[in-house]
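Engineer: Pasting a structure here, questions to come.
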Amino acid sequence: MCGPRDCTDAERRDAHEVGRLLAARGAIVICGGYTGVMAAVTEGARSGGGMVVGVLSGADRAEAHSGLTAAIATGMGQARNAVIVNSADAVIVVGGSWGTLSELALAMRRGTVPVVQLGGWQLCDAGGLSLPGPRHAATPEEALRLTGLWP
């Protein structure tokens, strides 16, 4: 699960619900482990009894969200985004920021897992046409369904 540290109320609600739905399906959630979308997916997954692994950009676990099941302090900065997307069976992106965009791009370049975007930025070519890429979902339920991993 990828998303920005600073998010809207709607993104927070969507991320919480994605986390809850993933936990209900027995998935282990991997995220960046801090605030915003990352905190919301953590809280959603934990409310459903799920496990959440936070892959932290910093070398100190002290700033990690307290609800994480495990926090991996990488000290890698934004390079940790590659660890997050390469550890995933599917990538769901909620919202948008520069860091989130890098995670989306890394997941698309990987090309081996489904990538689903719920809200966030729309990428267009020079002519203004939407670029092919992630599947777009309107709801958390649709996001899980579009991964093809869950009904």
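Here, A, B, ... name the chains of the structure tokens in the order displayed, residue numbers run from 1 inside each chain, and ligands are numbered from 1 in the same displayed order.
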Quick one: residues within 7 Å of segment 47-60 of chain A, only C-alpha atoms, excluding same-chain residues fewer than 5 positions away - as a list in words?
Structural biologist: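 Final neighbour list, sorted by chain and number: Arg20, Ala23, Ala24, Gly26, Ile28, Val29, Ile30, Cys31, Gly32, Gly33, Thr42, Leu68, Thr69, Ala70, Ala71, Ile72, Ala73, Thr74, Gly75, Met76, Gly77, Gln78, Arg80 and Ile84 of chain A.
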Engineer: Kindly export the residues of the current selection with C-alpha atoms, as a compact mmCIF listing (two decimals), in the first residue's frame.
Structural biologist:
```txt
# COMPACT_ATOMS: atom_id res chain seq x y z
CA ARG A 20 -9.46 -3.42 6.84
CA ALA A 23 -6.78 -7.88 6.81
CA ALA A 24 -10.13 -9.61 6.31
CA GLY A 26 -5.49 -12.53 5.41
CA ILE A 28 0.05 -8.83 5.25
CA VAL A 29 0.13 -5.10 4.51
CA ILE A 30 3.42 -3.42 3.60
CA CYS A 31 3.61 0.37 3.71
CA GLY A 32 5.97 3.24 4.49
CA GLY A 33 5.11 3.12 8.19
CA THR A 42 -2.12 0.51 9.38
CA LEU A 68 2.79 -1.45 13.03
CA THR A 69 3.35 -5.14 13.63
CA ALA A 70 6.97 -4.69 12.50
CA ALA A 71 9.04 -1.67 11.52
CA ILE A 72 12.09 -2.02 9.29
CA ALA A 73 14.39 0.99 9.68
CA THR A 74 16.30 1.21 6.40
CA GLY A 75 18.08 4.57 6.55
CA MET A 76 17.61 4.56 2.76
CA GLY A 77 15.45 7.68 2.40
CA GLN A 78 13.10 7.49 -0.56
CA ARG A 80 13.12 2.44 0.43
CA ILE A 84 8.13 -1.62 -0.58
```
Engineer: Got a sec to tell me which of chain A DSSP assigns to strand (DSSP E), as a ChimeraX atom specification?
Structural biologist: /A:28-31,51-56,70-73,91-94,115-118,135-137
Engineer: Please dump the current selection as a PDB file, in the first residue's frame; keep N, CA and C atoms.
Structural biologist:
```pdb
ATOM      1  N   ILE A  28      -0.883  -9.625   4.447  1.00  0.00           N
ATOM      2  CA  ILE A  28       0.052  -8.830   5.253  1.00  0.00           C
ATOM      3  C   ILE A  28       0.266  -7.530   4.485  1.00  0.00           C
ATOM      4  N   VAL A  29       0.016  -6.410   5.145  1.00  0.00           N
ATOM      5  CA  VAL A  29       0.126  -5.103   4.507  1.00  0.00           C
ATOM      6  C   VAL A  29       1.550  -4.579   4.674  1.00  0.00           C
ATOM      7  N   ILE A  30       2.108  -4.072   3.577  1.00  0.00           N
ATOM      8  CA  ILE A  30       3.419  -3.425   3.596  1.00  0.00           C
ATOM      9  C   ILE A  30       3.198  -1.966   3.210  1.00  0.00           C
ATOM     10  N   CYS A  31       3.752  -1.057   4.011  1.00  0.00           N
ATOM     11  CA  CYS A  31       3.610   0.365   3.715  1.00  0.00           C
ATOM     12  C   CYS A  31       4.846   1.099   4.206  1.00  0.00           C
ATOM     13  N   MET A  51      -1.799  -7.946   9.993  1.00  0.00           N
ATOM     14  CA  MET A  51      -0.393  -7.611  10.231  1.00  0.00           C
ATOM     15  C   MET A  51       0.032  -6.512   9.265  1.00  0.00           C
ATOM     16  N   VAL A  52       0.860  -5.574   9.776  1.00  0.00           N
ATOM     17  CA  VAL A  52       1.346  -4.469   8.951  1.00  0.00           C
ATOM     18  C   VAL A  52       2.844  -4.299   9.171  1.00  0.00           C
ATOM     19  N   VAL A  53       3.587  -4.314   8.064  1.00  0.00           N
ATOM     20  CA  VAL A  53       5.023  -4.094   8.091  1.00  0.00           C
ATOM     21  C   VAL A  53       5.298  -2.706   7.521  1.00  0.00           C
ATOM     22  N   GLY A  54       5.991  -1.886   8.288  1.00  0.00           N
ATOM     23  CA  GLY A  54       6.381  -0.562   7.831  1.00  0.00           C
ATOM     24  C   GLY A  54       7.833  -0.570   7.407  1.00  0.00           C
ATOM     25  N   VAL A  55       8.095  -0.165   6.160  1.00  0.00           N
ATOM     26  CA  VAL A  55       9.466  -0.061   5.652  1.00  0.00           C
ATOM     27  C   VAL A  55       9.816   1.423   5.725  1.00  0.00           C
ATOM     28  N   LEU A  56      10.581   1.785   6.735  1.00  0.00           N
ATOM     29  CA  LEU A  56      10.838   3.184   7.064  1.00  0.00           C
ATOM     30  C   LEU A  56      11.976   3.766   6.235  1.00  0.00           C
ATOM     31  N   ALA A  70       5.510  -4.719  12.597  1.00  0.00           N
ATOM     32  CA  ALA A  70       6.969  -4.695  12.497  1.00  0.00           C
ATOM     33  C   ALA A  70       7.390  -3.446  11.747  1.00  0.00           C
ATOM     34  N   ALA A  71       8.490  -2.849  12.184  1.00  0.00           N
ATOM     35  CA  ALA A  71       9.042  -1.672  11.521  1.00  0.00           C
ATOM     36  C   ALA A  71      10.477  -1.986  11.103  1.00  0.00           C
ATOM     37  N   ILE A  72      10.754  -1.782   9.825  1.00  0.00           N
ATOM     38  CA  ILE A  72      12.094  -2.017   9.292  1.00  0.00           C
ATOM     39  C   ILE A  72      12.728  -0.657   9.023  1.00  0.00           C
ATOM     40  N   ALA A  73      13.705  -0.298   9.827  1.00  0.00           N
ATOM     41  CA  ALA A  73      14.392   0.989   9.683  1.00  0.00           C
ATOM     42  C   ALA A  73      15.513   0.830   8.664  1.00  0.00           C
ATOM     43  N   VAL A  91       0.188  -3.814  -5.693  1.00  0.00           N
ATOM     44  CA  VAL A  91       0.411  -2.469  -5.172  1.00  0.00           C
ATOM     45  C   VAL A  91      -0.874  -1.671  -5.350  1.00  0.00           C
ATOM     46  N   ILE A  92      -1.383  -1.166  -4.229  1.00  0.00           N
ATOM     47  CA  ILE A  92      -2.546  -0.272  -4.258  1.00  0.00           C
ATOM     48  C   ILE A  92      -2.045   1.093  -3.808  1.00  0.00           C
ATOM     49  N   VAL A  93      -2.308   2.104  -4.628  1.00  0.00           N
ATOM     50  CA  VAL A  93      -1.878   3.469  -4.366  1.00  0.00           C
ATOM     51  C   VAL A  93      -3.103   4.304  -4.041  1.00  0.00           C
ATOM     52  N   VAL A  94      -3.079   4.980  -2.893  1.00  0.00           N
ATOM     53  CA  VAL A  94      -4.166   5.889  -2.515  1.00  0.00           C
ATOM     54  C   VAL A  94      -3.588   7.287  -2.438  1.00  0.00           C
ATOM     55  N   VAL A 115      -1.049  -3.210 -10.349  1.00  0.00           N
ATOM     56  CA  VAL A 115      -0.944  -1.886  -9.736  1.00  0.00           C
ATOM     57  C   VAL A 115      -2.297  -1.204  -9.912  1.00  0.00           C
ATOM     58  N   VAL A 116      -2.878  -0.804  -8.783  1.00  0.00           N
ATOM     59  CA  VAL A 116      -4.194  -0.174  -8.789  1.00  0.00           C
ATOM     60  C   VAL A 116      -4.092   1.171  -8.091  1.00  0.00           C
ATOM     61  N   GLN A 117      -4.697   2.180  -8.701  1.00  0.00           N
ATOM     62  CA  GLN A 117      -4.676   3.528  -8.161  1.00  0.00           C
ATOM     63  C   GLN A 117      -6.089   3.919  -7.737  1.00  0.00           C
ATOM     64  N   LEU A 118      -6.204   4.401  -6.500  1.00  0.00           N
ATOM     65  CA  LEU A 118      -7.470   4.884  -5.950  1.00  0.00           C
ATOM     66  C   LEU A 118      -7.293   6.367  -5.664  1.00  0.00           C
ATOM     67  N   ARG A 135      -4.362   0.315 -13.081  1.00  0.00           N
ATOM     68  CA  ARG A 135      -5.825   0.240 -13.148  1.00  0.00           C
ATOM     69  C   ARG A 135      -6.365   1.272 -12.179  1.00  0.00           C
ATOM     70  N   HIS A 136      -7.505   1.874 -12.517  1.00  0.00           N
ATOM     71  CA  HIS A 136      -8.090   2.911 -11.668  1.00  0.00           C
ATOM     72  C   HIS A 136      -9.355   2.383 -11.002  1.00  0.00           C
ATOM     73  N   ALA A 137      -9.433   2.598  -9.693  1.00  0.00           N
ATOM     74  CA  ALA A 137     -10.578   2.152  -8.904  1.00  0.00           C
ATOM     75  C   ALA A 137     -11.301   3.359  -8.318  1.00  0.00           C
TER      76      ALA A 137
END
```
Engineer: Excluding Val113 of chain A and any residue of its chain fewer than 5 positions from it, enumerate the residues within 10 Å of it, using only C-alpha atoms, and give them as a list in words.
Structural biologist: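 Once the adjacent positions are removed, what remains is Val85, Asn86, Ala88, Asp89, Ala90, Val91, Ala107, Met108, Thr147 and Gly148 of chain A.
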Engineer: Now that the selection is made, can you save its residues with C-alpha atoms as a tab-separated table (two decimals), in the first residue's frame?
Structural biologist:
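Written out: again37.tsv:
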```tsv
chain	number	residue	atom	x	y	z
A	85	VAL	CA	6.99	-2.26	-4.16
A	86	ASN	CA	9.38	-5.16	-4.77
A	88	ALA	CA	4.45	-6.73	-2.74
A	89	ASP	CA	2.16	-9.22	-4.49
A	90	ALA	CA	0.03	-6.24	-5.56
A	91	VAL	CA	0.41	-2.47	-5.17
A	107	ALA	CA	5.69	-0.68	-9.42
A	108	MET	CA	4.78	-0.10	-13.07
A	147	THR	CA	-5.67	-6.56	-8.24
A	148	GLY	CA	-7.08	-9.92	-9.31
```
Engineer: Figure out the distance between atom CA of Glu103 of chain A and atom CA of Leu123 of chain A, please, to one decimal in Å.
Structural biologist: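 Those two atoms sit 13.9 Å apart.
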Engineer: If you run DSSP over the backbone, which residues in segment 2-151 of chain A end up alpha helix (DSSP H)? Put them as a PyMOL selection string.
Structural biologist: chain A and resi 9-24+37-47+80-86+98-110+140-147
Engineer: Within 10 Å of Glu141 of chain A, counting only C-alpha atoms, which residues qualify if same-chain residues fewer than 5 places away don't, as a list of chain:residue names?
Structural biologist: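 So the residues in contact are A:Asp14, A:Glu17, A:Val18, A:Leu21, A:Leu22, A:Leu146, A:Trp150, A:Pro151.
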Engineer: For those residues, write N, CA and C atoms to a file as a PDB file, in the first residue's frame.
Structural biologist:
```pdb
ATOM      1  N   ASP A  14     -10.383   6.019   2.647  1.00  0.00           N
ATOM      2  CA  ASP A  14     -10.149   4.955   1.664  1.00  0.00           C
ATOM      3  C   ASP A  14      -9.011   4.038   2.107  1.00  0.00           C
ATOM      4  N   GLU A  17     -10.084   1.756   4.915  1.00  0.00           N
ATOM      5  CA  GLU A  17     -10.945   0.670   4.429  1.00  0.00           C
ATOM      6  C   GLU A  17     -10.153  -0.358   3.637  1.00  0.00           C
ATOM      7  N   VAL A  18      -9.203   0.079   2.829  1.00  0.00           N
ATOM      8  CA  VAL A  18      -8.340  -0.873   2.113  1.00  0.00           C
ATOM      9  C   VAL A  18      -7.613  -1.756   3.130  1.00  0.00           C
ATOM     10  N   LEU A  21     -10.045  -4.269   4.644  1.00  0.00           N
ATOM     11  CA  LEU A  21     -10.399  -5.309   3.674  1.00  0.00           C
ATOM     12  C   LEU A  21      -9.238  -6.273   3.439  1.00  0.00           C
ATOM     13  N   LEU A  22      -8.025  -5.758   3.391  1.00  0.00           N
ATOM     14  CA  LEU A  22      -6.859  -6.629   3.219  1.00  0.00           C
ATOM     15  C   LEU A  22      -6.702  -7.572   4.408  1.00  0.00           C
ATOM     16  N   LEU A 146      -9.639  -5.257  -8.473  1.00  0.00           N
ATOM     17  CA  LEU A 146      -8.829  -5.012  -9.664  1.00  0.00           C
ATOM     18  C   LEU A 146      -7.420  -5.588  -9.560  1.00  0.00           C
ATOM     19  N   TRP A 150      -8.097 -10.881  -5.069  1.00  0.00           N
ATOM     20  CA  TRP A 150      -9.234 -11.077  -4.176  1.00  0.00           C
ATOM     21  C   TRP A 150     -10.528 -10.829  -4.932  1.00  0.00           C
ATOM     22  N   PRO A 151     -11.549 -11.610  -4.628  1.00  0.00           N
ATOM     23  CA  PRO A 151     -12.856 -11.392  -5.306  1.00  0.00           C
ATOM     24  C   PRO A 151     -13.524 -10.120  -4.859  1.00  0.00           C
TER      25      PRO A 151
END
```
Engineer: Any idea what's packed within 7 Å of Val37 of chain A, counting only C-alpha atoms, ignoring anything in its chain fewer than 4 positions away? Could you give it as an NGL selection string?
Structural biologist: :A and (3-5 or 7 or 11-12 or 15 or 41)
Engineer: Tell me which of A:Ala27, A:Leu149, A:Ala82, A:Ala39 sits closest to Ala105 of chain A, counting only C-alpha atoms.
Structural biologist: A:Ala82
